[in-house]
Each structure stands twice: as structure tokens, then as C-alpha cells.
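To be precise, the following lines are query-v3.cif, and they hold mmCIF, C-alpha atoms and all ligand atoms.
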data_start
#
loop_
_atom_site.label_atom_id
_atom_site.label_comp_id
_atom_site.auth_asym_id
_atom_site.auth_seq_id
_atom_site.Cartn_x
_atom_site.Cartn_y
_atom_site.Cartn_z
CA MET N 23 -20.33 3.82 49.45
CA ASN N 24 -16.85 4.18 48.02
CA ALA N 25 -13.46 4.69 49.69
CA LEU N 26 -11.00 7.51 49.19
CA LEU N 27 -7.39 6.65 49.95
CA LEU N 28 -5.15 9.63 50.74
CA ALA N 29 -1.80 8.79 49.20
CA GLY N 30 -0.33 12.04 47.98
CA GLY N 31 1.93 13.16 50.85
CA LEU N 32 5.69 13.47 50.50
CA GLY N 33 6.54 10.89 53.16
CA THR N 34 9.32 13.15 54.42
CA ARG N 35 10.09 11.15 57.55
CA LEU N 36 10.69 7.98 55.51
CA LYS N 37 13.23 9.51 53.14
CA PRO N 38 15.16 8.36 51.20
CA LEU N 39 12.78 5.39 50.72
CA THR N 40 10.05 7.83 49.68
CA GLU N 41 12.27 10.06 47.55
CA THR N 42 10.61 8.80 44.39
CA LEU N 43 7.86 6.64 45.86
CA PRO N 44 4.57 7.49 47.58
CA LYS N 45 4.83 6.33 51.20
CA PRO N 46 1.82 3.97 50.97
CA MET N 47 3.69 2.06 48.24
CA ALA N 48 6.45 1.14 50.74
CA LEU N 49 6.60 -2.63 51.06
CA ILE N 50 5.14 -4.26 54.14
CA ALA N 51 6.11 -7.93 54.23
CA ASN N 52 7.18 -7.74 50.58
CA ARG N 53 3.96 -6.22 49.25
CA PRO N 54 3.10 -2.53 48.75
CA TRP N 55 1.05 -1.43 51.73
CA LEU N 56 -1.56 0.17 49.46
CA GLU N 57 -2.27 -3.25 48.00
CA HIS N 58 -2.81 -4.71 51.48
CA VAL N 59 -5.30 -1.88 52.23
CA ILE N 60 -7.23 -2.36 49.02
CA VAL N 61 -7.48 -6.13 49.51
CA HIS N 62 -8.53 -5.62 53.15
CA LEU N 63 -11.24 -3.09 52.27
CA LYS N 64 -12.47 -5.19 49.37
CA LYS N 65 -12.98 -8.12 51.76
CA GLN N 66 -15.25 -5.80 53.71
CA GLY N 67 -17.39 -5.09 50.69
CA ILE N 68 -15.83 -1.93 49.24
CA GLN N 69 -15.80 -2.21 45.44
CA ASN N 70 -15.04 1.30 44.27
CA PHE N 71 -11.93 3.23 45.21
CA VAL N 72 -10.61 6.70 44.61
CA ILE N 73 -6.94 7.37 45.24
CA ALA N 74 -5.86 10.95 45.91
CA VAL N 75 -2.39 11.23 44.43
CA LYS N 76 0.29 13.86 43.96
CA HIS N 77 3.83 12.68 44.85
CA HIS N 78 4.93 10.22 42.12
CA PRO N 79 1.40 9.25 41.08
CA GLU N 80 2.77 7.06 38.26
CA LYS N 81 4.10 4.55 40.82
CA ILE N 82 0.54 3.99 42.03
CA GLN N 83 -1.15 4.19 38.64
CA ASN N 84 1.29 1.79 36.97
CA HIS N 85 0.83 -0.73 39.74
CA PHE N 86 -2.97 -0.68 40.08
CA GLY N 87 -4.26 0.70 36.77
CA ASN N 88 -8.06 0.73 36.84
CA GLY N 89 -8.14 -1.94 39.55
CA GLU N 90 -9.44 -4.69 37.26
CA LYS N 91 -6.77 -7.16 38.38
CA TRP N 92 -8.10 -6.84 41.94
CA GLY N 93 -11.75 -7.03 40.86
CA ILE N 94 -12.46 -3.42 41.87
CA THR N 95 -12.61 -0.02 40.20
CA ILE N 96 -10.07 2.72 40.87
CA GLN N 97 -10.29 6.37 39.90
CA TYR N 98 -7.49 8.80 40.50
CA ALA N 99 -7.91 12.32 41.83
CA MET N 100 -4.73 14.15 40.93
CA GLU N 101 -3.70 17.39 42.63
CA ASP N 102 -1.84 20.03 40.68
CA SER N 103 -0.16 21.13 43.91
CA LEU N 104 -0.31 19.49 47.35
CA LYS N 105 -3.79 20.33 48.62
CA GLY N 106 -3.47 18.99 52.17
CA THR N 107 -5.63 16.29 53.72
CA ALA N 108 -8.97 18.16 53.34
CA GLY N 109 -8.02 19.80 50.04
CA ALA N 110 -7.32 16.32 48.64
CA ILE N 111 -10.83 15.19 49.63
CA LYS N 112 -12.37 18.31 48.09
CA ASN N 113 -10.36 17.74 44.94
CA ALA N 114 -11.85 14.22 44.70
CA GLU N 115 -15.43 15.46 45.24
CA ARG N 116 -16.73 14.53 41.81
CA TYR N 117 -15.83 10.87 42.36
CA LEU N 118 -17.32 10.48 45.83
CA ASP N 119 -20.62 8.89 46.83
CA ASP N 120 -23.04 10.62 49.22
CA ARG N 121 -21.46 8.66 52.04
CA PHE N 122 -17.84 7.61 51.72
CA ILE N 123 -14.86 6.39 53.69
CA VAL N 124 -11.55 8.21 53.87
CA VAL N 125 -8.39 6.35 54.80
CA ASN N 126 -4.93 7.78 55.38
CA ALA N 127 -3.15 5.27 53.18
CA ASP N 128 -0.08 5.11 55.43
CA ILE N 129 -1.98 3.53 58.33
CA VAL N 130 -1.18 -0.12 58.79
CA HIS N 131 -4.35 -1.59 60.22
CA GLU N 132 -6.78 -4.48 60.20
CA ILE N 133 -9.86 -2.50 61.03
CA ASP N 134 -13.34 -3.92 60.88
CA LEU N 135 -15.43 -1.18 59.27
CA ASN N 136 -18.78 -2.49 60.47
CA PRO N 137 -18.83 -1.07 64.01
CA LEU N 138 -17.72 2.30 62.61
CA LEU N 139 -20.47 2.31 59.98
CA GLU N 140 -23.09 1.15 62.43
CA PHE N 141 -22.14 3.90 64.87
CA HIS N 142 -22.24 6.45 62.06
CA ARG N 143 -25.75 5.38 61.04
CA LYS N 144 -26.97 5.53 64.63
CA HIS N 145 -25.75 8.99 65.59
CA GLY N 146 -26.88 10.50 62.31
CA GLY N 147 -24.07 13.11 62.25
CA ASN N 148 -21.86 14.03 59.33
CA VAL N 149 -18.49 12.56 60.27
CA THR N 150 -17.32 9.58 62.29
CA ILE N 151 -13.63 9.51 63.07
CA GLY N 152 -12.08 6.14 63.89
CA LEU N 153 -10.08 6.54 67.10
CA THR N 154 -7.36 4.57 68.77
CA GLU N 155 -5.41 4.99 72.00
CA VAL N 156 -1.67 5.53 72.25
CA ASP N 157 0.74 6.28 75.09
CA ASP N 158 2.22 9.35 73.42
CA PRO N 159 -0.43 11.29 71.48
CA THR N 160 1.86 14.18 70.48
CA GLN N 161 2.41 12.90 66.92
CA TYR N 162 -1.31 12.59 66.17
CA GLY N 163 -4.67 14.36 66.20
CA VAL N 164 -6.06 14.16 69.72
CA VAL N 165 -9.74 14.35 70.65
CA GLN N 166 -11.95 15.17 73.59
CA GLN N 167 -15.42 13.60 73.54
CA ASP N 168 -18.68 13.72 75.45
CA GLY N 169 -20.47 10.63 76.75
CA ALA N 170 -22.28 10.06 73.44
CA GLY N 171 -19.04 10.06 71.47
CA ARG N 172 -19.47 13.55 70.03
CA ILE N 173 -16.12 15.25 69.55
CA LEU N 174 -15.85 18.48 71.50
CA ARG N 175 -12.22 19.28 70.62
CA PHE N 176 -9.74 18.10 68.01
CA VAL N 177 -6.12 19.18 68.48
CA GLU N 178 -3.51 18.18 65.91
CA LYS N 179 -0.09 17.19 67.29
CA PRO N 180 -0.41 18.97 70.63
CA ARG N 181 2.34 19.23 73.22
CA LEU N 182 1.90 16.52 75.84
CA GLU N 183 0.61 18.93 78.48
CA GLU N 184 -1.98 20.28 76.04
CA ALA N 185 -3.30 16.90 74.85
CA PRO N 186 -6.91 16.54 76.04
CA SER N 187 -6.65 12.71 76.11
CA ARG N 188 -4.71 9.76 74.74
CA ARG N 189 -7.44 9.08 72.19
CA ILE N 190 -6.22 9.86 68.72
CA ASN N 191 -7.44 10.11 65.17
CA ALA N 192 -6.71 6.74 63.55
CA GLY N 193 -6.89 8.30 60.08
CA ILE N 194 -10.11 6.53 59.03
CA TYR N 195 -13.34 8.51 58.59
CA VAL N 196 -16.89 7.90 57.49
CA MET N 197 -18.18 11.12 55.93
CA GLU N 198 -21.32 12.56 54.41
CA LYS N 199 -20.64 14.35 51.17
CA LYS N 200 -22.42 17.49 52.29
CA VAL N 201 -19.57 18.38 54.67
CA LEU N 202 -17.41 19.08 51.63
CA SER N 203 -19.14 22.46 51.42
CA PHE N 204 -17.08 23.42 54.48
CA ILE N 205 -13.81 22.93 52.57
CA PRO N 206 -12.72 25.85 50.39
CA PRO N 207 -11.67 24.74 46.89
CA ASP N 208 -8.36 25.45 45.20
CA ARG N 209 -6.12 25.90 48.17
CA GLU N 210 -4.26 23.75 50.67
CA VAL N 211 -6.53 22.77 53.57
CA SER N 212 -5.70 20.47 56.46
CA ILE N 213 -8.62 18.42 57.70
CA GLU N 214 -6.97 18.13 61.09
CA ARG N 215 -6.02 21.77 61.65
CA GLU N 216 -8.86 23.49 59.83
CA THR N 217 -11.87 21.39 58.78
CA PHE N 218 -12.48 19.27 61.88
CA PRO N 219 -12.14 22.27 64.25
CA LEU N 220 -14.51 24.27 62.01
CA LEU N 221 -17.11 21.47 61.84
CA ILE N 222 -16.94 21.12 65.62
CA THR N 223 -17.44 24.87 66.15
CA ARG N 224 -20.42 24.81 63.77
CA ASN N 225 -21.88 21.85 65.65
CA ALA N 226 -21.97 19.88 62.41
CA GLY N 227 -22.05 16.43 64.03
CA VAL N 228 -18.49 15.12 64.35
CA TYR N 229 -18.30 11.88 66.32
CA GLY N 230 -15.55 9.46 67.23
CA LYS N 231 -15.57 5.72 67.75
CA VAL N 232 -12.71 3.69 69.16
CA ILE N 233 -11.77 0.91 66.77
CA SER N 234 -10.17 -2.36 67.74
CA GLY N 235 -7.47 -4.38 66.05
CA TYR N 236 -3.91 -3.68 65.06
CA TRP N 237 -3.10 -0.08 64.18
CA MET N 238 0.19 1.66 63.41
CA ASP N 239 1.17 4.69 61.34
CA MET N 240 4.14 3.66 59.18
CA GLY N 241 5.37 7.23 58.80
CA THR N 242 8.71 7.01 60.67
CA LYS N 243 11.63 4.65 60.26
CA ASP N 244 11.19 3.26 63.76
CA ARG N 245 7.52 2.53 63.24
CA TYR N 246 8.16 1.13 59.77
CA ARG N 247 10.58 -1.40 61.30
CA ARG N 248 8.30 -2.04 64.26
CA ILE N 249 5.43 -3.00 61.94
CA HIS N 250 7.64 -5.64 60.36
CA TRP N 251 8.67 -7.12 63.67
CA ASP N 252 4.99 -7.19 64.62
CA VAL N 253 4.22 -9.01 61.37
CA LEU N 254 6.97 -11.56 62.02
CA ASN N 255 5.92 -12.01 65.66
CA ARG N 256 2.31 -12.46 64.43
CA VAL N 257 1.14 -9.59 66.63
CA ASN N 258 -1.11 -8.81 63.66
CA ASN N 259 -2.61 -11.06 61.00
CA LEU N 260 -1.20 -9.40 57.90
CA PRO N 261 -0.57 -11.97 55.21
CA ILE N 262 3.01 -13.22 54.94
CA PRO N 263 3.93 -14.57 51.52
CA GLY N 264 5.81 -17.85 51.13
CA LYS N 265 5.64 -21.07 53.04
CA GLU N 266 6.43 -21.31 56.72
CA SER N 267 9.18 -23.92 56.57
CA GLY N 268 10.06 -23.90 60.25
CA LYS N 269 8.56 -21.98 63.12
CA GLY N 270 9.01 -18.34 62.15
CA ILE N 271 10.88 -18.99 58.89
CA TRP N 272 8.93 -18.04 55.76
CA LEU N 273 10.58 -19.03 52.52
CA GLY N 274 9.45 -17.94 49.03
CA LYS N 275 9.46 -19.97 45.84
CA ASN N 276 12.55 -20.92 43.94
CA CYS N 277 15.19 -19.86 46.50
CA ASP N 278 18.77 -21.05 46.40
CA ILE N 279 20.07 -21.34 49.96
CA GLY N 280 23.78 -22.25 50.09
CA PRO N 281 25.44 -24.80 52.40
CA GLY N 282 25.93 -23.77 56.01
CA VAL N 283 23.41 -20.91 55.79
CA LEU N 284 21.66 -20.19 59.06
CA LEU N 285 18.18 -18.70 59.03
CA ILE N 286 17.39 -17.45 62.53
CA PRO N 287 13.67 -16.90 63.11
CA PRO N 288 11.72 -14.87 62.70
CA VAL N 289 12.72 -14.27 59.13
CA LEU N 290 10.93 -13.80 55.81
CA ILE N 291 12.68 -14.58 52.54
CA GLY N 292 10.96 -13.62 49.26
CA ASP N 293 10.84 -15.52 45.95
CA ASN N 294 13.94 -16.27 43.85
CA VAL N 295 16.39 -15.28 46.57
CA VAL N 296 19.97 -16.54 46.49
CA ILE N 297 21.92 -16.79 49.75
CA GLY N 298 25.62 -17.71 49.61
CA GLU N 299 27.27 -20.25 51.89
CA ARG N 300 27.65 -19.67 55.63
CA SER N 301 25.59 -16.50 55.67
CA ILE N 302 23.47 -15.86 58.75
CA ILE N 303 20.10 -14.20 58.16
CA GLY N 304 17.89 -13.12 61.06
CA PRO N 305 16.55 -12.78 63.57
CA PHE N 306 14.03 -10.18 62.39
CA SER N 307 14.89 -9.83 58.74
CA VAL N 308 12.76 -9.43 55.65
CA ILE N 309 14.44 -10.12 52.32
CA GLY N 310 12.58 -8.99 49.17
CA ASN N 311 12.05 -10.99 45.99
CA ASP N 312 15.03 -11.57 43.67
CA CYS N 313 17.66 -10.48 46.20
CA VAL N 314 21.13 -11.93 45.94
CA ILE N 315 23.12 -12.30 49.16
CA GLY N 316 26.75 -13.33 49.04
CA ARG N 317 28.78 -15.61 51.29
CA ASN N 318 29.44 -15.00 54.99
CA VAL N 319 26.95 -12.16 55.12
CA ARG N 320 25.30 -11.38 58.45
CA CYS N 321 21.96 -9.71 58.42
CA SER N 322 19.75 -9.05 61.42
CA GLU N 323 16.83 -6.70 62.13
CA THR N 324 17.01 -5.57 58.53
CA ILE N 325 14.48 -5.05 55.77
CA MET N 326 15.49 -5.04 52.13
CA TRP N 327 13.17 -4.59 49.17
CA ASP N 328 13.26 -6.51 45.92
CA ARG N 329 16.40 -7.01 43.83
CA CYS N 330 19.00 -5.93 46.40
CA LYS N 331 22.47 -7.38 46.09
CA ILE N 332 24.65 -7.77 49.18
CA ASN N 333 28.20 -8.87 48.52
CA ASP N 334 30.34 -11.26 50.56
CA ALA N 335 31.11 -10.77 54.25
CA THR N 336 29.02 -7.65 54.71
CA HIS N 337 27.33 -7.23 58.09
CA LEU N 338 23.96 -5.48 58.35
CA SER N 339 21.95 -4.68 61.43
CA ASN N 340 18.86 -2.51 61.76
CA CYS N 341 19.02 -1.40 58.13
CA ILE N 342 16.27 -0.59 55.63
CA PHE N 343 17.18 -0.79 51.94
CA GLY N 344 14.93 0.29 49.06
CA TYR N 345 14.68 -1.46 45.69
CA ASP N 346 17.82 -2.49 43.76
CA LEU N 347 20.40 -1.47 46.32
CA GLU N 348 23.82 -2.97 45.79
CA MET N 349 26.16 -3.17 48.77
CA GLY N 350 29.84 -4.00 48.33
CA SER N 351 31.70 -6.68 50.27
CA LYS N 352 33.04 -6.46 53.84
CA HIS N 353 30.95 -3.44 54.80
CA ILE N 354 29.55 -3.07 58.29
CA LEU N 355 26.32 -1.10 58.47
CA HIS N 356 24.11 -0.34 61.42
CA GLU N 357 20.83 1.59 61.11
CA ALA N 358 21.47 2.58 57.51
CA VAL N 359 18.39 3.60 55.52
CA MET N 360 19.32 3.71 51.86
CA ASN N 361 18.21 3.58 48.28
CA ARG N 362 20.11 2.37 45.26
CA MET N 363 23.68 3.79 45.21
CA GLY N 364 22.85 5.45 48.53
CA VAL N 365 21.07 8.27 46.74
CA LEU N 366 18.03 8.20 44.52
CA GLN N 367 15.87 5.36 43.42
CA ALA N 368 15.02 5.04 39.72
N1 LIG E 1 -3.46 13.53 48.18
C1 LIG E 1 -2.87 14.04 49.24
N2 LIG E 1 -2.56 15.37 49.26
N3 LIG E 1 -2.56 13.24 50.27
C2 LIG E 1 -1.96 13.79 51.35
C3 LIG E 1 -1.62 15.14 51.43
C4 LIG E 1 -1.95 15.98 50.31
O1 LIG E 1 -1.69 17.19 50.27
N4 LIG E 1 -1.01 15.37 52.63
C5 LIG E 1 -0.99 14.18 53.26
N5 LIG E 1 -1.55 13.22 52.50
C6 LIG E 1 -1.73 11.80 52.82
C7 LIG E 1 -0.42 11.11 53.14
O2 LIG E 1 0.09 10.47 51.97
C8 LIG E 1 -0.83 10.08 54.17
O3 LIG E 1 -1.24 8.86 53.60
C9 LIG E 1 -2.04 10.73 54.86
O4 LIG E 1 -2.50 11.75 53.97
C10 LIG E 1 -1.71 11.33 56.25
O5 LIG E 1 -0.64 12.23 56.11
P1 LIG E 1 0.62 12.15 57.09
O6 LIG E 1 1.59 13.18 56.64
O7 LIG E 1 1.09 10.75 57.22
O8 LIG E 1 -0.02 12.67 58.43
P2 LIG E 1 0.39 12.30 59.93
O9 LIG E 1 0.69 10.86 60.08
O10 LIG E 1 1.41 13.26 60.40
O11 LIG E 1 -0.98 12.64 60.72
C11 LIG E 1 -2.22 12.18 60.25
O12 LIG E 1 -2.42 10.81 60.56
C12 LIG E 1 -2.49 10.52 62.00
C13 LIG E 1 -2.75 9.04 62.12
O13 LIG E 1 -1.64 8.34 61.71
C14 LIG E 1 -3.34 13.04 60.89
O14 LIG E 1 -4.56 12.70 60.25
C15 LIG E 1 -3.43 12.80 62.39
O15 LIG E 1 -4.54 13.52 62.93
C16 LIG E 1 -3.62 11.32 62.66
O16 LIG E 1 -3.65 11.06 64.07
MG MG E 2 0.98 9.31 58.77
#

Written as C-alpha cells, that's how I'd like the structure from this file.
Amino acid sequence: MNALLLAGGLGTRLKPLTETLPKPMALIANRPWLEHVIVHLKKQGIQNFVIAVKHHPEKIQNHFGNGEKWGITIQYAMEDSLKGTAGAIKNAERYLDDRFIVVNADIVHEIDLNPLLEFHRKHGGNVTIGLTEVDDPTQYGVVQQDGAGRILRFVEKPRLEEAPSRRINAGIYVMEKKVLSFIPPDREVSIERETFPLLITRNAGVYGKVISGYWMDMGTKDRYRRIHWDVLNRVNNLPIPGKESGKGIWLGKNCDIGPGVLLIPPVLIGDNVVIGERSIIGPFSVIGNDCVIGRNVRCSETIMWDRCKINDATHLSNCIFGYDLEMGSKHILHEAVMNRMGVLQA
């Protein structure tokens, strides 16, 4: 059984971070999320991966290659135009085993696959959708089930009054390859709006199973930040690099922390970071590897990726900065989401 990771979307709601980067390559605790997913699934016994790519595929291919470094194999299914979530699966058909797993690669999760697989084997249907429960289901695919877990209705992003429940599609499926015959080739097809409703109408055996453990879609800026605060608060068990040098202060290798610097937990500082004297970092900040922070900088509730440079006396709160951003001195920024030079990322 292999796993197909859907990683080709445009990541529109996370722009400009995703302007030239596939959303699943966004850093979570200083590591591309896609790498976390692959490591997590490998621990659960998945050895062979297929990644469905379209938007800046080279960023994924250059990072992972054939997967050798991670002790796995990776094949890439490239779309010539965006094929949608079902079209991407159809496009990867030749690489898929008779039973396979599909994962929306922008879902930050720590899911145990075993209960899902066991349930799938027991009901003998064609699809098992991992489900989770949320307060506001309007941004997700919402399901209605019978007592045996069979899905009777699947409604993508309904209005609140039309949502049949608060149980939503967690973006993880176990599928039998034969259902791919329901997906027309060579055009854009949404699994949520077209394929699942069709399979349900045809009584093709679509089931849902509530999964446990941390789950969050990283697709908006608010949720992207929230995931980080959850990591720092240890609401989930995602690995945090570096050494915990005080409660809630994680410090990478080879950092140069100037005199009078205050690190207010929780805070994560990457490797080779320089922080100038009297700067105050935290609470809730994640500083990428090789960042250089000047003197008298204040930085709270902010995430910056590798190689950012923040000059003296700049104040940041609630910001997200992509790779290589340079910020002048004495700026005051609140809720800025930026890439290098405030425009595009190389
Ligand atoms: N290869 C490829 N091609 N990948 C795609 C395409 C495509 O045309 N379109 C989307 N994807 C990938 C995205 O990169 C992402 O990893 C995943 O498919 C889901 O797409 P999103 O755009 O993030 O969808 P969503 O978050 O609005 O909704 C989906 O996820 C929810 C769970 O977070 C749906 O599956 C919902 O039903 C679900 O509840
Ligand atoms: Mg999403």
C-alpha cells in the first residue's frame, strides 16, 4: 500500500508565502511540513510515496529527490494543468497500488493510520474518509453518516444552516484503486464536489471514520500561526528542533545571543541565529535558521523562515516572514505577512 500526497494546489490563502512555493513546503517549526508528513507516515510503515505536484514542483523535487535520504521511494505525478483533487489522483493512477492512502499535504496532523485501515478492511467498501469534528464546518467537506459509518451525504463547504453535521473530511482517505474508474481523465475534477457525491449516489461503499489526535488545516494565515502556537504550547507532539534550554525556550546550534537579550517563552530559535544586544524575542516566536536580528529588536507572536535579517530597533508582532526577508531598522510591523523585499520570493 503506497501513499499519494496531494501537493499541487496554489495555496492562495497563504499568499505571498506560497507565491513561489507549494503550500505543503511551508515551514512548520523550521521544517517543511511535507517532510514532517513523510517522516510520520514512514514511522507507520509506508515506504513508497507518490507526490501529486503542479505549482512549483521543483521546490518539492529538489528537496526530496527520489526519497533515498529518507529511506523511502518517491515518484512524482505531474499535472500539465491543475486537475483538481480527484483529477490529481487519476493522473497518478499508474503509480498507485490496488489499495492506497491519499493525504491532503496541507493537513497538519499526527494521525494513527491503523484504526482507519482496520475499519476499511472490516466494512469492505471502496473508500474510507478520515473524519474530524470542528465547531465551524463551513470551510470543509461535511458528512452525514448512518449508524455503520456509511456516508449518506458529502457537502463541500456548505453554509452553516446547510451543514448536515460538524463532522468533516480530514483530508485523509483509504481508497481501492477500482474507484478511479469513476473519475474522468484529462479534465479538472474535484473529489469533494464531484467524485464523493457520485460514489455515494452509486452506492459504491463510501465510509467515514473519526480519527483522533491533533488535526489542523494550515491553509489560512490564522491557522498557520495557530499551529505554531500549538507546537510551542506542546498541544501536539510535533518535533521541535534544538535543545530546550529553559522551559519553553528551544535554542538551535551555534547561536550568538548578545548581552541583555531576553527570550520570553515559548520561543524557538533555529541554528546559527545571531541576536543583537537588548533585543526581546517572544513570547510565541519562531526564528528560522541563519537569521540575523539586530539590537533592541522586539519580536512577539511572529514566525520568520530561514535567513531573515531584522535590523536594529524594529518591532514585530503577529508577523509571518518567508525566506530571506530583510527588514530595515526602526520599523513597526503588526500582522505583516511578507516575502523577500515585500514582493516575490526567489
Ligand atoms: N496535485 C494537485 N492538483 N493538488 C491539489 C489540487 C490540484 O489541482 N488542488 C488542490 N490540491 C491539493 C492542495 O495542495 C492541498 O494539499 C490539498 O489538495 C487540499 O486542497 P485545499 O485547497 O487545501 O483544499 P481545502 O483545504 O479548501 O479543502 C480540502 O481539505 C479539507 C480539509 O482540510 C477538502 O478536501 C475538504 O473537503 C476538507 O475538509
Ligand atoms: Mg487545505

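Nearest residue to Leu32 (chain N), choosing from N:Leu104, N:Leu49, N:Ile291, N:Leu138 and counting all atoms listed in the file: N:Leu104.
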
Inset, instruction - Produce as a PyMOL selection string the set of residues near ligand MG 2 (chain E), where near means within 10 Å with all atoms listed in the file considered. - result: chain N and resi 29+31+33+35+45-46+126-130+161-162+192-193+238-242

Legend entry - Non-local contacts of Arg209 (chain N) (9 Å; all atoms listed in the file; under 5 positions in same chain excluded) as a list of chain:residue names: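 What passes the distance filter is N:Ser103, N:Leu104, N:Lys105, N:Gly106, N:Gly109.
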
Inset, instruction - May I ask for the distance between CA of Glu80 (chain N) and CA of Tyr195 (chain N), given in Å to one decimal place? - result: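 About the pair CA of Glu80 (chain N) and CA of Tyr195 (chain N): they are 26.0 Å apart.
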
7 Å contact set for Gly280 (chain N), only C-alpha atoms, chain neighbours under 3 positions out, as a tab-separated table (two decimals) with C-alpha atoms, keeping the file's coordinate frame:
chain	number	residue	atom	x	y	z
N	283	VAL	CA	23.41	-20.91	55.79
N	297	ILE	CA	21.92	-16.79	49.75
N	298	GLY	CA	25.62	-17.71	49.61
N	299	GLU	CA	27.27	-20.25	51.89

Inset, instruction - Name the closest residue to Asp328 (chain N) among the candidates N:Leu63, N:Ile50, N:Leu36, N:Ile73; distances are taken between atoms, counting all atoms listed in the file. - result: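 Comparing N:Leu63, N:Ile50, N:Leu36, N:Ile73 against Asp328 (chain N), the winner is N:Ile50.
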
Legend entry - Coordinates-based distance that separates CA of His145 (chain N) from CA of Leu27 (chain N) (Å, one decimal): 24.2 Å

Legend entry - Minimum-distance residue to Met23 (chain N), chosen among N:Met47, N:Val156, N:Leu118, N:Val164 (using all atoms listed in the file):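 Among the listed residues, N:Leu118 lies closest to Met23 (chain N).
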
Inset, instruction - Would you work out the distance separating CA of Val359 (chain N) from CA of Glu266 (chain N), expressed in Å to one decimal? - result: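 The value is 27.7 Å.
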
Legend entry - Selected residue, from N:Glu155, N:Glu57, N:Glu101, N:Asp312, that lies nearest to ligand LIG 1 (chain E) when counting all atoms listed in the file: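 Once distances to ligand LIG 1 (chain E) are computed over all atoms listed in the file, the minimum belongs to N:Glu101.
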
Inset, instruction - Show which residues sit within 9 Å of Asn136 (chain N), as a list in words. Count only C-alpha atoms, and ignore same-chain residues fewer than 4 positions away. - result: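 Surrounding residues, per the criterion: Gln66, Glu140 and Phe141 of chain N.
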
Inset, instruction - Do a neighbour search on His131 (chain N) at 9 Å with all atoms listed in the file, toss out local chain neighbours closer than 2 positions, and write the hits as JSON, numbers by chain. - result: {"N": [59, 129, 133, 235, 236, 237, 238, 239, 258, 260]}

Inset, instruction - Please provide the set of residues having any atom within 7 Å of Ile194 (chain N), restricted to all atoms listed in the file, with same-chain residues fewer than 4 positions apart removed, written as an MDAnalysis selection string. - result: chainID N and resid 124:126 151:152
